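Trainee: Next comes the structure file input-v3.cif, holding mmCIF, C-alpha atoms and all ligand atoms.
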```cif
data_input
loop_
_atom_site.label_atom_id
_atom_site.label_comp_id
_atom_site.auth_asym_id
_atom_site.auth_seq_id
_atom_site.Cartn_x
_atom_site.Cartn_y
_atom_site.Cartn_z
CA MET A 1 -45.80 -121.42 124.49
CA MET A 2 -42.81 -121.14 126.84
CA LYS A 3 -40.97 -117.86 126.69
CA THR A 4 -37.26 -117.95 125.89
CA LYS A 5 -34.76 -116.54 128.35
CA THR A 6 -34.16 -113.59 126.03
CA GLU A 7 -37.88 -112.87 125.97
CA TYR A 8 -38.02 -112.83 129.79
CA LEU A 9 -35.04 -110.48 129.96
CA ASN A 10 -36.41 -108.19 127.24
CA GLU A 11 -39.78 -107.96 128.93
CA VAL A 12 -38.21 -106.76 132.17
CA ASP A 13 -35.85 -104.49 130.30
CA THR A 14 -38.80 -102.84 128.56
CA TYR A 15 -41.31 -102.60 131.37
CA SER A 16 -39.29 -102.35 134.58
CA ALA A 17 -37.43 -99.44 136.06
CA HIS A 18 -33.69 -100.00 135.72
CA ASN A 19 -32.85 -99.56 139.40
CA TYR A 20 -31.11 -102.98 139.59
CA LYS A 21 -28.53 -104.79 137.49
CA PRO A 22 -29.33 -108.45 138.14
CA LEU A 23 -27.30 -111.37 136.83
CA PRO A 24 -29.01 -112.61 133.64
CA VAL A 25 -30.62 -115.62 135.29
CA VAL A 26 -34.41 -116.08 135.28
CA LEU A 27 -35.50 -118.17 138.24
CA ALA A 28 -38.72 -120.10 138.21
CA GLN A 29 -38.48 -122.54 141.12
CA GLY A 30 -36.81 -122.99 144.47
CA GLU A 31 -36.47 -125.56 147.20
CA GLY A 32 -34.16 -125.50 150.20
CA ILE A 33 -30.77 -124.21 149.07
CA TRP A 34 -31.51 -124.82 145.36
CA VAL A 35 -33.18 -122.78 142.64
CA TRP A 36 -33.96 -123.60 139.01
CA ASP A 37 -34.15 -121.25 136.05
CA THR A 38 -36.78 -121.26 133.32
CA GLU A 39 -34.67 -123.68 131.29
CA GLY A 40 -34.37 -126.13 134.18
CA LYS A 41 -30.76 -125.33 135.09
CA LYS A 42 -30.12 -125.85 138.80
CA TYR A 43 -28.15 -123.44 140.99
CA LEU A 44 -27.12 -123.27 144.63
CA ASP A 45 -28.53 -120.02 146.01
CA GLY A 46 -25.47 -118.44 147.60
CA LEU A 47 -27.19 -115.12 148.33
CA SER A 48 -30.48 -116.13 150.01
CA ALA A 49 -32.16 -112.87 148.95
CA TYR A 50 -29.66 -110.91 151.07
CA SER A 51 -30.38 -113.18 154.07
CA ALA A 52 -34.16 -113.18 153.77
CA LEU A 53 -34.06 -116.91 152.98
CA ASN A 54 -32.18 -118.19 156.03
CA GLN A 55 -34.72 -121.03 156.35
CA GLY A 56 -34.24 -121.94 152.66
CA HIS A 57 -36.66 -121.67 149.77
CA ARG A 58 -40.23 -122.81 150.44
CA HIS A 59 -39.62 -124.40 153.81
CA PRO A 60 -42.58 -126.81 154.12
CA LYS A 61 -43.59 -125.60 157.59
CA ILE A 62 -43.54 -121.96 156.53
CA ILE A 63 -45.45 -122.68 153.30
CA GLN A 64 -47.98 -124.67 155.31
CA ALA A 65 -48.48 -121.76 157.71
CA LEU A 66 -48.98 -119.46 154.73
CA LYS A 67 -51.54 -121.76 153.11
CA THR A 68 -53.44 -122.43 156.32
CA GLN A 69 -53.67 -118.73 157.10
CA ALA A 70 -54.65 -117.89 153.50
CA ASP A 71 -57.70 -120.09 153.95
CA LYS A 72 -58.79 -118.16 157.06
CA ILE A 73 -58.14 -114.41 156.90
CA THR A 74 -55.33 -112.50 155.24
CA LEU A 75 -55.64 -108.84 156.18
CA THR A 76 -57.46 -106.95 158.88
CA SER A 77 -55.46 -103.70 159.13
CA ARG A 78 -54.70 -102.45 162.60
CA ALA A 79 -58.16 -100.87 162.81
CA PHE A 80 -59.18 -104.26 164.25
CA HIS A 81 -57.39 -107.01 166.11
CA ASN A 82 -56.49 -110.32 164.49
CA ASP A 83 -55.92 -113.67 166.19
CA GLN A 84 -52.33 -114.16 164.92
CA MET A 85 -50.40 -111.00 165.75
CA GLY A 86 -50.28 -111.32 169.53
CA ALA A 87 -48.88 -114.85 169.52
CA PHE A 88 -46.28 -113.92 166.91
CA LEU A 89 -45.05 -110.88 168.86
CA LYS A 90 -45.05 -112.87 172.14
CA LYS A 91 -42.80 -115.49 170.56
CA LEU A 92 -40.58 -112.83 169.02
CA CYS A 93 -40.23 -110.96 172.33
CA GLU A 94 -39.49 -114.18 174.21
CA ILE A 95 -36.69 -115.35 171.92
CA SER A 96 -35.13 -111.90 171.75
CA GLU A 97 -35.62 -111.17 175.45
CA MET A 98 -37.36 -107.89 174.69
CA GLU A 99 -40.59 -106.63 176.23
CA GLN A 100 -42.50 -105.30 173.24
CA ALA A 101 -42.46 -105.34 169.46
CA LEU A 102 -43.90 -103.13 166.75
CA PRO A 103 -44.51 -105.04 163.51
CA MET A 104 -43.85 -103.53 160.10
CA ASN A 105 -43.20 -105.02 156.66
CA THR A 106 -39.88 -104.10 155.08
CA GLY A 107 -36.57 -103.44 156.77
CA THR A 108 -36.67 -99.82 155.66
CA GLU A 109 -39.98 -99.29 157.45
CA ALA A 110 -38.62 -100.89 160.61
CA VAL A 111 -35.57 -98.60 160.53
CA GLU A 112 -37.83 -95.57 160.01
CA THR A 113 -39.89 -96.77 162.97
CA ALA A 114 -36.80 -97.02 165.16
CA LEU A 115 -35.67 -93.52 164.16
CA LYS A 116 -39.06 -92.05 165.04
CA LEU A 117 -39.11 -93.98 168.30
CA ALA A 118 -35.67 -92.68 169.26
CA ARG A 119 -36.53 -89.08 168.46
CA LYS A 120 -39.81 -89.15 170.37
CA TRP A 121 -38.10 -90.86 173.31
CA GLY A 122 -35.46 -88.12 173.28
CA TYR A 123 -38.04 -85.35 173.41
CA GLU A 124 -40.31 -87.00 175.97
CA LYS A 125 -37.85 -88.78 178.23
CA LYS A 126 -34.65 -86.78 177.90
CA GLY A 127 -36.28 -83.38 177.51
CA ILE A 128 -34.41 -82.48 174.33
CA SER A 129 -35.60 -79.21 172.77
CA LYS A 130 -38.02 -79.42 169.85
CA ASP A 131 -36.45 -80.60 166.58
CA GLN A 132 -32.94 -80.78 168.02
CA ALA A 133 -32.57 -84.57 168.35
CA GLU A 134 -29.39 -86.07 166.89
CA ILE A 135 -28.79 -89.66 165.90
CA ILE A 136 -25.28 -91.00 165.35
CA VAL A 137 -24.71 -93.50 162.53
CA CYS A 138 -21.67 -95.08 160.86
CA GLU A 139 -19.83 -94.51 157.63
CA ASN A 140 -20.71 -97.04 154.91
CA ASN A 141 -23.95 -97.90 156.71
CA PHE A 142 -26.85 -99.47 154.89
CA HIS A 143 -30.24 -99.14 156.55
CA GLY A 144 -32.55 -98.82 153.54
CA ARG A 145 -33.52 -96.41 150.79
CA SER A 146 -36.12 -93.95 152.09
CA THR A 147 -35.31 -90.26 151.80
CA THR A 148 -34.62 -90.02 155.54
CA ILE A 149 -32.40 -93.10 155.55
CA VAL A 150 -30.36 -92.04 152.51
CA SER A 151 -29.99 -88.68 154.24
CA PHE A 152 -27.38 -90.33 156.46
CA SER A 153 -25.81 -92.61 153.87
CA SER A 154 -22.16 -91.99 153.07
CA GLU A 155 -22.59 -93.58 149.64
CA ALA A 156 -22.80 -90.85 146.98
CA GLN A 157 -24.96 -92.88 144.59
CA TYR A 158 -27.61 -93.53 147.25
CA ARG A 159 -28.02 -89.76 147.73
CA ASN A 160 -27.29 -88.13 144.38
CA GLY A 161 -30.44 -86.60 142.98
CA PHE A 162 -32.58 -87.32 146.02
CA GLY A 163 -32.14 -84.24 148.20
CA PRO A 164 -33.17 -82.26 150.16
CA PHE A 165 -32.29 -84.52 153.05
CA THR A 166 -33.52 -85.04 156.59
CA PRO A 167 -31.28 -83.29 159.13
CA GLY A 168 -30.32 -84.61 162.56
CA PHE A 169 -27.72 -87.28 161.77
CA LYS A 170 -24.00 -87.48 162.44
CA ILE A 171 -21.72 -89.96 160.71
CA ILE A 172 -18.70 -91.50 162.46
CA PRO A 173 -16.20 -94.12 161.21
CA TYR A 174 -17.48 -97.68 161.71
CA GLY A 175 -16.05 -99.53 164.67
CA ASP A 176 -14.54 -96.42 166.27
CA VAL A 177 -15.68 -96.08 169.90
CA GLU A 178 -13.60 -92.96 170.48
CA ALA A 179 -15.34 -91.27 167.55
CA LEU A 180 -18.67 -92.27 169.08
CA ASN A 181 -17.67 -90.69 172.37
CA ARG A 182 -16.64 -87.50 170.63
CA ALA A 183 -19.82 -87.27 168.55
CA ILE A 184 -22.20 -87.37 171.51
CA THR A 185 -23.76 -84.05 172.53
CA PRO A 186 -26.59 -83.23 174.98
CA ASN A 187 -28.96 -83.57 171.99
CA THR A 188 -27.91 -87.11 171.06
CA VAL A 189 -30.75 -89.60 171.36
CA ALA A 190 -29.34 -92.74 169.76
CA PHE A 191 -26.51 -94.59 168.07
CA LEU A 192 -27.71 -96.74 165.15
CA PHE A 193 -25.42 -99.36 163.59
CA GLU A 194 -25.12 -102.79 161.99
CA PRO A 195 -23.15 -105.34 164.05
CA ILE A 196 -21.51 -106.45 160.77
CA GLN A 197 -21.94 -104.15 157.79
CA GLY A 198 -23.50 -106.30 155.07
CA GLU A 199 -24.01 -104.11 152.04
CA ALA A 200 -20.70 -102.35 152.68
CA GLY A 201 -18.97 -105.67 151.95
CA VAL A 202 -19.20 -107.85 155.09
CA ILE A 203 -17.24 -105.46 157.29
CA VAL A 204 -16.64 -106.99 160.73
CA PRO A 205 -15.91 -104.33 163.38
CA PRO A 206 -12.90 -104.68 165.70
CA ALA A 207 -13.43 -107.20 168.52
CA GLY A 208 -14.99 -105.51 171.54
CA PHE A 209 -16.77 -102.82 169.54
CA LEU A 210 -20.29 -104.05 170.32
CA THR A 211 -19.67 -104.22 174.06
CA ALA A 212 -17.91 -100.85 174.08
CA ALA A 213 -20.61 -99.16 171.98
CA LYS A 214 -23.34 -100.39 174.33
CA SER A 215 -21.39 -99.21 177.33
CA VAL A 216 -20.90 -95.72 175.86
CA CYS A 217 -24.64 -95.52 175.05
CA GLN A 218 -25.49 -96.51 178.61
CA ARG A 219 -23.08 -94.02 180.12
CA HIS A 220 -24.54 -91.15 178.08
CA GLN A 221 -28.15 -92.33 178.33
CA ILE A 222 -28.65 -92.68 174.62
CA LEU A 223 -30.40 -95.55 172.88
CA CYS A 224 -28.22 -98.29 171.43
CA ILE A 225 -30.08 -99.32 168.26
CA ILE A 226 -28.77 -102.37 166.44
CA ASP A 227 -29.96 -103.07 162.91
CA GLU A 228 -29.94 -106.87 162.66
CA ILE A 229 -32.11 -106.96 159.55
CA GLN A 230 -29.35 -108.76 157.67
CA THR A 231 -27.20 -110.20 160.48
CA GLY A 232 -30.03 -111.41 162.69
CA LEU A 233 -31.97 -114.66 162.93
CA GLY A 234 -29.03 -117.00 162.72
CA ARG A 235 -27.07 -115.57 159.82
CA THR A 236 -23.80 -115.02 161.73
CA GLY A 237 -23.87 -118.19 163.83
CA LYS A 238 -25.85 -116.76 166.75
CA LEU A 239 -29.54 -115.95 166.86
CA PHE A 240 -28.46 -112.29 166.89
CA CYS A 241 -25.04 -111.03 165.90
CA TYR A 242 -24.71 -108.85 169.01
CA GLN A 243 -24.60 -112.08 171.04
CA HIS A 244 -21.03 -112.62 169.82
CA GLU A 245 -19.98 -110.11 172.50
CA PRO A 246 -20.97 -109.84 176.18
CA ASN A 247 -23.13 -107.01 177.54
CA SER A 248 -24.06 -105.74 174.12
CA LYS A 249 -27.81 -106.31 174.06
CA PRO A 250 -29.28 -103.23 172.35
CA ASP A 251 -32.00 -101.01 173.75
CA VAL A 252 -33.72 -101.24 170.38
CA LEU A 253 -33.37 -104.21 168.04
CA ILE A 254 -34.45 -104.04 164.38
CA LEU A 255 -35.33 -107.25 162.51
CA GLY A 256 -36.61 -108.02 159.03
CA LYS A 257 -35.70 -110.24 156.08
CA ALA A 258 -35.67 -113.84 157.46
CA LEU A 259 -38.46 -112.93 159.88
CA GLY A 260 -40.70 -113.50 156.87
CA GLY A 261 -39.16 -116.91 156.08
CA GLY A 262 -38.55 -115.95 152.46
CA VAL A 263 -42.23 -115.76 151.62
CA PHE A 264 -43.56 -112.51 153.03
CA PRO A 265 -42.14 -109.11 154.02
CA VAL A 266 -42.14 -109.07 157.84
CA SER A 267 -40.09 -106.70 160.00
CA ALA A 268 -40.21 -105.50 163.58
CA VAL A 269 -38.73 -103.11 166.10
CA LEU A 270 -38.21 -104.51 169.59
CA THR A 271 -37.55 -102.66 172.81
CA ALA A 272 -38.54 -102.17 176.44
CA LYS A 273 -42.07 -101.15 177.38
CA LYS A 274 -40.91 -97.86 178.90
CA ILE A 275 -39.38 -96.88 175.55
CA MET A 276 -42.16 -98.22 173.30
CA ASP A 277 -44.67 -96.31 175.46
CA VAL A 278 -43.79 -93.07 173.70
CA PHE A 279 -45.84 -94.31 170.73
CA ARG A 280 -49.49 -93.58 171.32
CA PRO A 281 -52.51 -94.29 169.09
CA GLY A 282 -52.13 -92.34 165.87
CA ASP A 283 -48.38 -91.69 166.21
CA HIS A 284 -47.25 -94.34 163.76
CA GLY A 285 -48.64 -97.22 161.73
CA SER A 286 -48.85 -99.33 158.62
CA THR A 287 -51.83 -100.82 156.78
CA PHE A 288 -50.06 -104.16 156.38
CA GLY A 289 -47.88 -104.24 159.52
CA GLY A 290 -48.87 -107.13 161.79
CA ASN A 291 -51.31 -108.59 159.27
CA PRO A 292 -52.44 -112.16 160.01
CA MET A 293 -50.59 -113.69 157.04
CA ALA A 294 -47.34 -111.99 158.07
CA ALA A 295 -47.88 -112.99 161.71
CA ALA A 296 -48.59 -116.64 160.87
CA VAL A 297 -45.58 -116.79 158.55
CA GLY A 298 -43.44 -114.95 161.10
CA SER A 299 -44.37 -117.41 163.85
CA ALA A 300 -43.53 -120.36 161.59
CA SER A 301 -40.26 -118.75 160.47
CA LEU A 302 -39.14 -118.32 164.09
CA ALA A 303 -40.20 -121.87 164.96
CA VAL A 304 -38.13 -123.28 162.09
CA LEU A 305 -35.07 -121.26 163.11
CA ILE A 306 -35.26 -122.47 166.69
CA ASP A 307 -36.46 -126.08 166.14
CA GLU A 308 -33.89 -126.76 163.44
CA LYS A 309 -31.12 -125.01 165.40
CA LEU A 310 -30.25 -122.89 162.37
CA PRO A 311 -28.00 -120.43 164.25
CA GLU A 312 -25.91 -123.39 165.44
CA ARG A 313 -25.81 -124.86 161.93
CA SER A 314 -24.76 -121.47 160.58
CA ALA A 315 -21.91 -121.33 163.11
CA GLU A 316 -20.73 -124.83 162.27
CA MET A 317 -21.08 -124.68 158.48
CA GLY A 318 -19.78 -121.12 158.37
CA ALA A 319 -16.63 -121.95 160.32
CA TYR A 320 -16.09 -125.01 158.11
CA LEU A 321 -16.49 -123.04 154.88
CA LEU A 322 -14.39 -120.12 156.09
CA GLU A 323 -11.55 -122.46 157.05
CA LYS A 324 -11.67 -124.13 153.63
CA LEU A 325 -11.81 -120.78 151.83
CA LYS A 326 -8.73 -119.61 153.69
CA THR A 327 -6.78 -122.44 152.04
CA LEU A 328 -7.51 -120.92 148.61
CA GLU A 329 -4.20 -119.80 147.26
CA SER A 330 -5.32 -117.21 144.79
CA PRO A 331 -3.18 -114.18 143.96
CA ILE A 332 -6.30 -112.08 143.41
CA ILE A 333 -7.73 -112.50 146.93
CA GLN A 334 -7.19 -109.60 149.30
CA ASP A 335 -9.19 -110.84 152.29
CA ILE A 336 -11.69 -113.47 153.37
CA ARG A 337 -13.81 -112.61 156.38
CA GLY A 338 -17.12 -113.15 158.10
CA LYS A 339 -19.01 -114.83 160.88
CA GLY A 340 -21.21 -117.88 160.53
CA LEU A 341 -22.63 -118.13 157.03
CA MET A 342 -22.08 -114.43 156.33
CA ILE A 343 -18.83 -114.50 154.40
CA GLY A 344 -17.16 -112.00 152.11
CA ILE A 345 -14.28 -112.61 149.70
CA GLU A 346 -12.59 -109.36 148.76
CA VAL A 347 -10.46 -109.27 145.61
CA LYS A 348 -7.45 -107.02 145.15
CA ALA A 349 -7.94 -103.57 143.67
CA SER A 350 -5.51 -104.53 140.89
CA PHE A 351 -7.92 -107.31 139.85
CA GLY A 352 -10.86 -104.92 139.49
CA HIS A 353 -14.52 -105.87 139.76
CA VAL A 354 -15.61 -109.21 141.14
CA ARG A 355 -18.78 -109.33 139.03
CA PRO A 356 -17.25 -111.35 136.14
CA LEU A 357 -16.42 -114.05 138.73
CA CYS A 358 -20.04 -114.04 139.91
CA GLU A 359 -21.12 -114.45 136.28
CA LYS A 360 -18.70 -117.38 135.86
CA LEU A 361 -20.04 -118.98 139.04
CA ALA A 362 -23.59 -118.68 137.72
CA THR A 363 -22.53 -120.64 134.66
CA SER A 364 -21.19 -123.37 136.92
CA GLY A 365 -24.33 -123.45 139.07
CA VAL A 366 -23.70 -121.08 141.99
CA LEU A 367 -25.52 -117.78 142.43
CA VAL A 368 -23.65 -115.15 144.40
CA LYS A 369 -23.64 -111.40 144.14
CA ASP A 370 -20.96 -108.76 144.12
CA THR A 371 -21.24 -105.97 146.64
CA HIS A 372 -19.28 -102.76 146.38
CA GLU A 373 -17.41 -103.96 143.32
CA ARG A 374 -14.68 -105.97 145.01
CA VAL A 375 -16.51 -108.17 147.52
CA MET A 376 -18.23 -111.44 146.72
CA ARG A 377 -20.80 -112.12 149.43
CA ILE A 378 -21.44 -115.76 150.26
CA THR A 379 -24.60 -116.20 152.32
CA PRO A 380 -26.34 -119.47 151.47
CA PRO A 381 -29.51 -120.57 153.29
CA LEU A 382 -28.66 -121.83 156.79
CA VAL A 383 -30.23 -125.23 156.05
CA ILE A 384 -27.18 -126.11 153.94
CA GLN A 385 -25.61 -129.55 154.54
CA LYS A 386 -21.91 -130.27 154.79
CA SER A 387 -21.80 -132.13 151.45
CA ASP A 388 -23.29 -129.05 149.77
CA VAL A 389 -20.74 -126.81 151.49
CA ASN A 390 -18.03 -129.04 150.01
CA TRP A 391 -19.64 -128.74 146.59
CA LEU A 392 -19.93 -124.96 146.94
CA PHE A 393 -16.28 -124.74 147.96
CA GLU A 394 -15.22 -126.79 144.90
CA LYS A 395 -17.11 -124.42 142.60
CA LEU A 396 -15.63 -121.36 144.27
CA SER A 397 -12.10 -122.73 144.14
CA GLU A 398 -12.47 -123.66 140.44
CA VAL A 399 -13.43 -120.10 139.63
CA PHE A 400 -10.67 -118.52 141.70
CA ARG A 401 -8.13 -120.96 140.23
CA SER A 402 -9.24 -120.05 136.72
CA VAL A 403 -8.06 -116.43 137.00
N1 LIG B 1 -30.93 -102.66 157.11
C1 LIG B 1 -30.01 -103.54 156.70
C2 LIG B 1 -28.84 -103.86 157.57
C3 LIG B 1 -30.14 -104.17 155.46
O1 LIG B 1 -29.21 -105.02 155.05
C4 LIG B 1 -31.26 -103.85 154.66
C5 LIG B 1 -31.42 -104.47 153.33
O2 LIG B 1 -30.51 -104.98 152.72
C6 LIG B 1 -32.20 -102.92 155.13
C7 LIG B 1 -32.00 -102.36 156.37
C8 LIG B 1 -33.40 -102.55 154.31
O3 LIG B 1 -34.31 -103.60 154.25
P1 LIG B 1 -35.43 -103.66 153.11
O4 LIG B 1 -34.73 -103.84 151.80
O5 LIG B 1 -36.29 -104.85 153.48
O6 LIG B 1 -36.21 -102.40 153.17
#
```
Using structure tokens, write down the structure from this file.
Mentor:
Amino acid sequence: MMKTKTEYLNEVDTYSAHNYKPLPVVLAQGEGIWVWDTEGKKYLDGLSAYSALNQGHRHPKIIQALKTQADKITLTSRAFHNDQMGAFLKKLCEISEMEQALPMNTGTEAVETALKLARKWGYEKKGISKDQAEIIVCENNFHGRSTTIVSFSSEAQYRNGFGPFTPGFKIIPYGDVEALNRAITPNTVAFLFEPIQGEAGVIVPPAGFLTAAKSVCQRHQILCIIDEIQTGLGRTGKLFCYQHEPNSKPDVLILGKALGGGVFPVSAVLTAKKIMDVFRPGDHGSTFGGNPMAAAVGSASLAVLIDEKLPERSAEMGAYLLEKLKTLESPIIQDIRGKGLMIGIEVKASFGHVRPLCEKLATSGVLVKDTHERVMRITPPLVIQKSDVNWLFEKLSEVFRSV
């Protein structure tokens, strides 16, 4: 017998850790930009699993790659080679114009990998004294949830109760090149940042920040590490967000989320051979990283992004939606911002939390999520068509008009 919605919710409430507070919607199916709940109600997915579904739900080419690979071999571990990983990393390196890639699974693991890479590079190539390496990060960053990564979070809740923390990080205000300059010491090995801060509420840095940050890193011989786990692979209207500014290609690029096409956790760290060389056999690894299923899915996910020109579509649809949203005359809106299909609507402090609006939108068939209480993040799959953007805009404007 079919379970009722309440039964689904109660089951999770009873048996799952309460580390999330999801909207009370139980999804059972997805296709393209649409998802359906267990009662058959249809919704536009306006979150795309935090940008992990840039190619849409169950893209046929990605699902086909998954099925084909599942019929051959699924896991080898890195104790042996497999016939999929090399081709995947070659494609990834070619499109990102990087020399080498190290495959992992989740974004968090890829960030950890980049931190270890930067530290080892600092000791081996810059001659920094043992255990003295410093990495500069930004206020309101989000790079994952491991104990090392939350060690440099400025968000109290991400840290409270989880100490002791990993030392060796310095936090500067986001988008502040002068602060970056001041924070650098002879022990600095890297500057790690997001080109648009996603979890912080779609915070776009001042124009010129990416170029300036790269130039400062170059001048001081420190690694410029850009976390494009959320912004990368078309989300902001370019293949990579750093491409919005000239001369800002990072020394180390971190990718995840949409690299797995919404079906598999796939992440990677990309850099030059002379930097990657500091990792030697035994230094770092992952049982699942680079597995043949992930590699086959990753190759298909990249092919879909490129063949279907999804970064270009994101730029076009994002600009169109942003322009329409800016016509919303709502007294509760503080700011509307973003690039491509990464858009945030911030409500005024006097209005309070944006979550009730997200709940209202769910009722009218649009799933979006609040971030940091006052920002509604709108990040639909990049395969969205103009008519669906119009429909999404109508739903958003109804909700904003209703308050
Ligand atoms: N870095 C950024 C910029 C992210 O947005 C996220 C996830 O939201 C992560 C890292 C962590 O990725 P994951 O949740 O796959 O570990």
Trainee: Excluding Met317 in chain A and residues on its chain fewer than 2 positions from it, collect all residues at most 8 Å away from it, counting only C-alpha atoms, and give them as a ChimeraX atom specification.
Mentor: /A:313-315,319-321,340-341,384-386,389
Trainee: Take the residues from that selection and write them out as an mmCIF file, in the coordinates of the input, keeping C-alpha atoms.
Mentor:
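The new file again-v1.cif reads:
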```
data_model
loop_
_atom_site.group_PDB
_atom_site.id
_atom_site.type_symbol
_atom_site.label_atom_id
_atom_site.label_comp_id
_atom_site.auth_asym_id
_atom_site.auth_seq_id
_atom_site.Cartn_x
_atom_site.Cartn_y
_atom_site.Cartn_z
ATOM 1 C CA ARG A 313 -25.810 -124.860 161.930
ATOM 2 C CA SER A 314 -24.760 -121.470 160.580
ATOM 3 C CA ALA A 315 -21.910 -121.330 163.110
ATOM 4 C CA ALA A 319 -16.630 -121.950 160.320
ATOM 5 C CA TYR A 320 -16.090 -125.010 158.110
ATOM 6 C CA LEU A 321 -16.490 -123.040 154.880
ATOM 7 C CA GLY A 340 -21.210 -117.880 160.530
ATOM 8 C CA LEU A 341 -22.630 -118.130 157.030
ATOM 9 C CA ILE A 384 -27.180 -126.110 153.940
ATOM 10 C CA GLN A 385 -25.610 -129.550 154.540
ATOM 11 C CA LYS A 386 -21.910 -130.270 154.790
ATOM 12 C CA VAL A 389 -20.740 -126.810 151.490
#
```
Trainee: At a cut-off of 8 Å and counting all atoms listed in the file, what residues surround ligand LIG 1 (chain B)? Please answer as a ChimeraX atom specification.
Mentor: /A:50,105-111,141-145,194,197-199,227-231,256-257,265,267
Trainee: Calculated over only C-alpha atoms, which of the candidates A:Ser96, A:Ser51, A:Gln243, A:Ser154 has the smallest distance to Pro381 in chain A?
Mentor: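 Nearest to Pro381 in chain A: A:Ser51.
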Trainee: Skipping near chain neighbours, those fewer than 3 positions away, what residues fall within 6 Å of range 73-88 of chain A using all atoms listed in the file, listed as a ChimeraX atom specification?
Mentor: /A:70,91,287,290-293,295,299
Trainee: So which residues are close to (-27.2, -88.3, 149.4), meaning at most 9 Å away in the file's coordinates with only C-alpha atoms counted, and can you show them as JSON, numbers by chain?
Mentor: {"A": [147, 150, 151, 152, 153, 154, 155, 156, 157, 158, 159, 160, 161, 162, 163, 164, 165]}
Trainee: The selected residues should be written to file as an mmCIF file, in the coordinates of the input (atoms: C-alpha atoms).
Mentor:
```cif
data_model
loop_
_atom_site.group_PDB
_atom_site.id
_atom_site.type_symbol
_atom_site.label_atom_id
_atom_site.label_comp_id
_atom_site.auth_asym_id
_atom_site.auth_seq_id
_atom_site.Cartn_x
_atom_site.Cartn_y
_atom_site.Cartn_z
ATOM 1 C CA THR A 147 -35.310 -90.260 151.800
ATOM 2 C CA VAL A 150 -30.360 -92.040 152.510
ATOM 3 C CA SER A 151 -29.990 -88.680 154.240
ATOM 4 C CA PHE A 152 -27.380 -90.330 156.460
ATOM 5 C CA SER A 153 -25.810 -92.610 153.870
ATOM 6 C CA SER A 154 -22.160 -91.990 153.070
ATOM 7 C CA GLU A 155 -22.590 -93.580 149.640
ATOM 8 C CA ALA A 156 -22.800 -90.850 146.980
ATOM 9 C CA GLN A 157 -24.960 -92.880 144.590
ATOM 10 C CA TYR A 158 -27.610 -93.530 147.250
ATOM 11 C CA ARG A 159 -28.020 -89.760 147.730
ATOM 12 C CA ASN A 160 -27.290 -88.130 144.380
ATOM 13 C CA GLY A 161 -30.440 -86.600 142.980
ATOM 14 C CA PHE A 162 -32.580 -87.320 146.020
ATOM 15 C CA GLY A 163 -32.140 -84.240 148.200
ATOM 16 C CA PRO A 164 -33.170 -82.260 150.160
ATOM 17 C CA PHE A 165 -32.290 -84.520 153.050
#
```
Trainee: Please, what distance in Å, to one decimal, runs between CA of Lys326 in chain A and CA of Pro246 in chain A?
Mentor: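 CA of Lys326 in chain A sits 27.4 Å away from CA of Pro246 in chain A.
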Trainee: Measuring atom to atom with all atoms listed in the file, identify which of A:Pro167, A:Pro60, A:Gly282, A:Gly208 is nearest to Tyr242 in chain A.
Mentor: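 Smallest separation from Tyr242 in chain A among the options: A:Gly208.
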Trainee: Please, what distance in Å, to one decimal, runs between CA of Val177 in chain A and CA of Gln132 in chain A?
Mentor: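 For CA of Val177 in chain A relative to CA of Gln132 in chain A, the distance reads 23.1 Å.
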Trainee: Find the spatial neighbours of range 29-41 of chain A, counting all atoms listed in the file, within a cut-off of 7 Å - ignore same-chain residues fewer than 5 positions away - and output them as JSON, numbers by chain.
Mentor: {"A": [56, 57, 58, 59, 380, 381, 384]}
Trainee: Please provide as a ChimeraX atom specification all residues within 7 Å of Val354 in chain A, with the sequence filter that same-chain residues fewer than 2 positions apart are discarded (counting only C-alpha atoms).
Mentor: /A:347,352,356-358,370,373-376
Trainee: I'd like the interatomic distance between CA of Ser402 in chain A and CA of His372 in chain A, to a tenth of an Å.
Mentor: 22.2 Å
Trainee: Excluding Gly338 in chain A and its own-chain neighbours fewer than 2 positions away, which residues fall within 9 Å of it when counting all atoms listed in the file? Please give them as a list in words.
Mentor: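 My list of contacting residues is Ile196, Val202, Ile203, Val204, Thr236, Gly318, Leu322, Ile336, Gly340, Leu341, Met342, Ile343, Gly344 and Ile345 of chain A.
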Trainee: Mind writing the picked residues with C-alpha atoms as a PDB file, in the frame of the given file?
Mentor:
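Result went into out37.pdb, see below:
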```
ATOM      1  CA  ILE A 196     -21.510-106.450 160.770  1.00  0.00           C
ATOM      2  CA  VAL A 202     -19.200-107.850 155.090  1.00  0.00           C
ATOM      3  CA  ILE A 203     -17.240-105.460 157.290  1.00  0.00           C
ATOM      4  CA  VAL A 204     -16.640-106.990 160.730  1.00  0.00           C
ATOM      5  CA  THR A 236     -23.800-115.020 161.730  1.00  0.00           C
ATOM      6  CA  GLY A 318     -19.780-121.120 158.370  1.00  0.00           C
ATOM      7  CA  LEU A 322     -14.390-120.120 156.090  1.00  0.00           C
ATOM      8  CA  ILE A 336     -11.690-113.470 153.370  1.00  0.00           C
ATOM      9  CA  GLY A 340     -21.210-117.880 160.530  1.00  0.00           C
ATOM     10  CA  LEU A 341     -22.630-118.130 157.030  1.00  0.00           C
ATOM     11  CA  MET A 342     -22.080-114.430 156.330  1.00  0.00           C
ATOM     12  CA  ILE A 343     -18.830-114.500 154.400  1.00  0.00           C
ATOM     13  CA  GLY A 344     -17.160-112.000 152.110  1.00  0.00           C
ATOM     14  CA  ILE A 345     -14.280-112.610 149.700  1.00  0.00           C
TER      15      ILE A 345
END
```
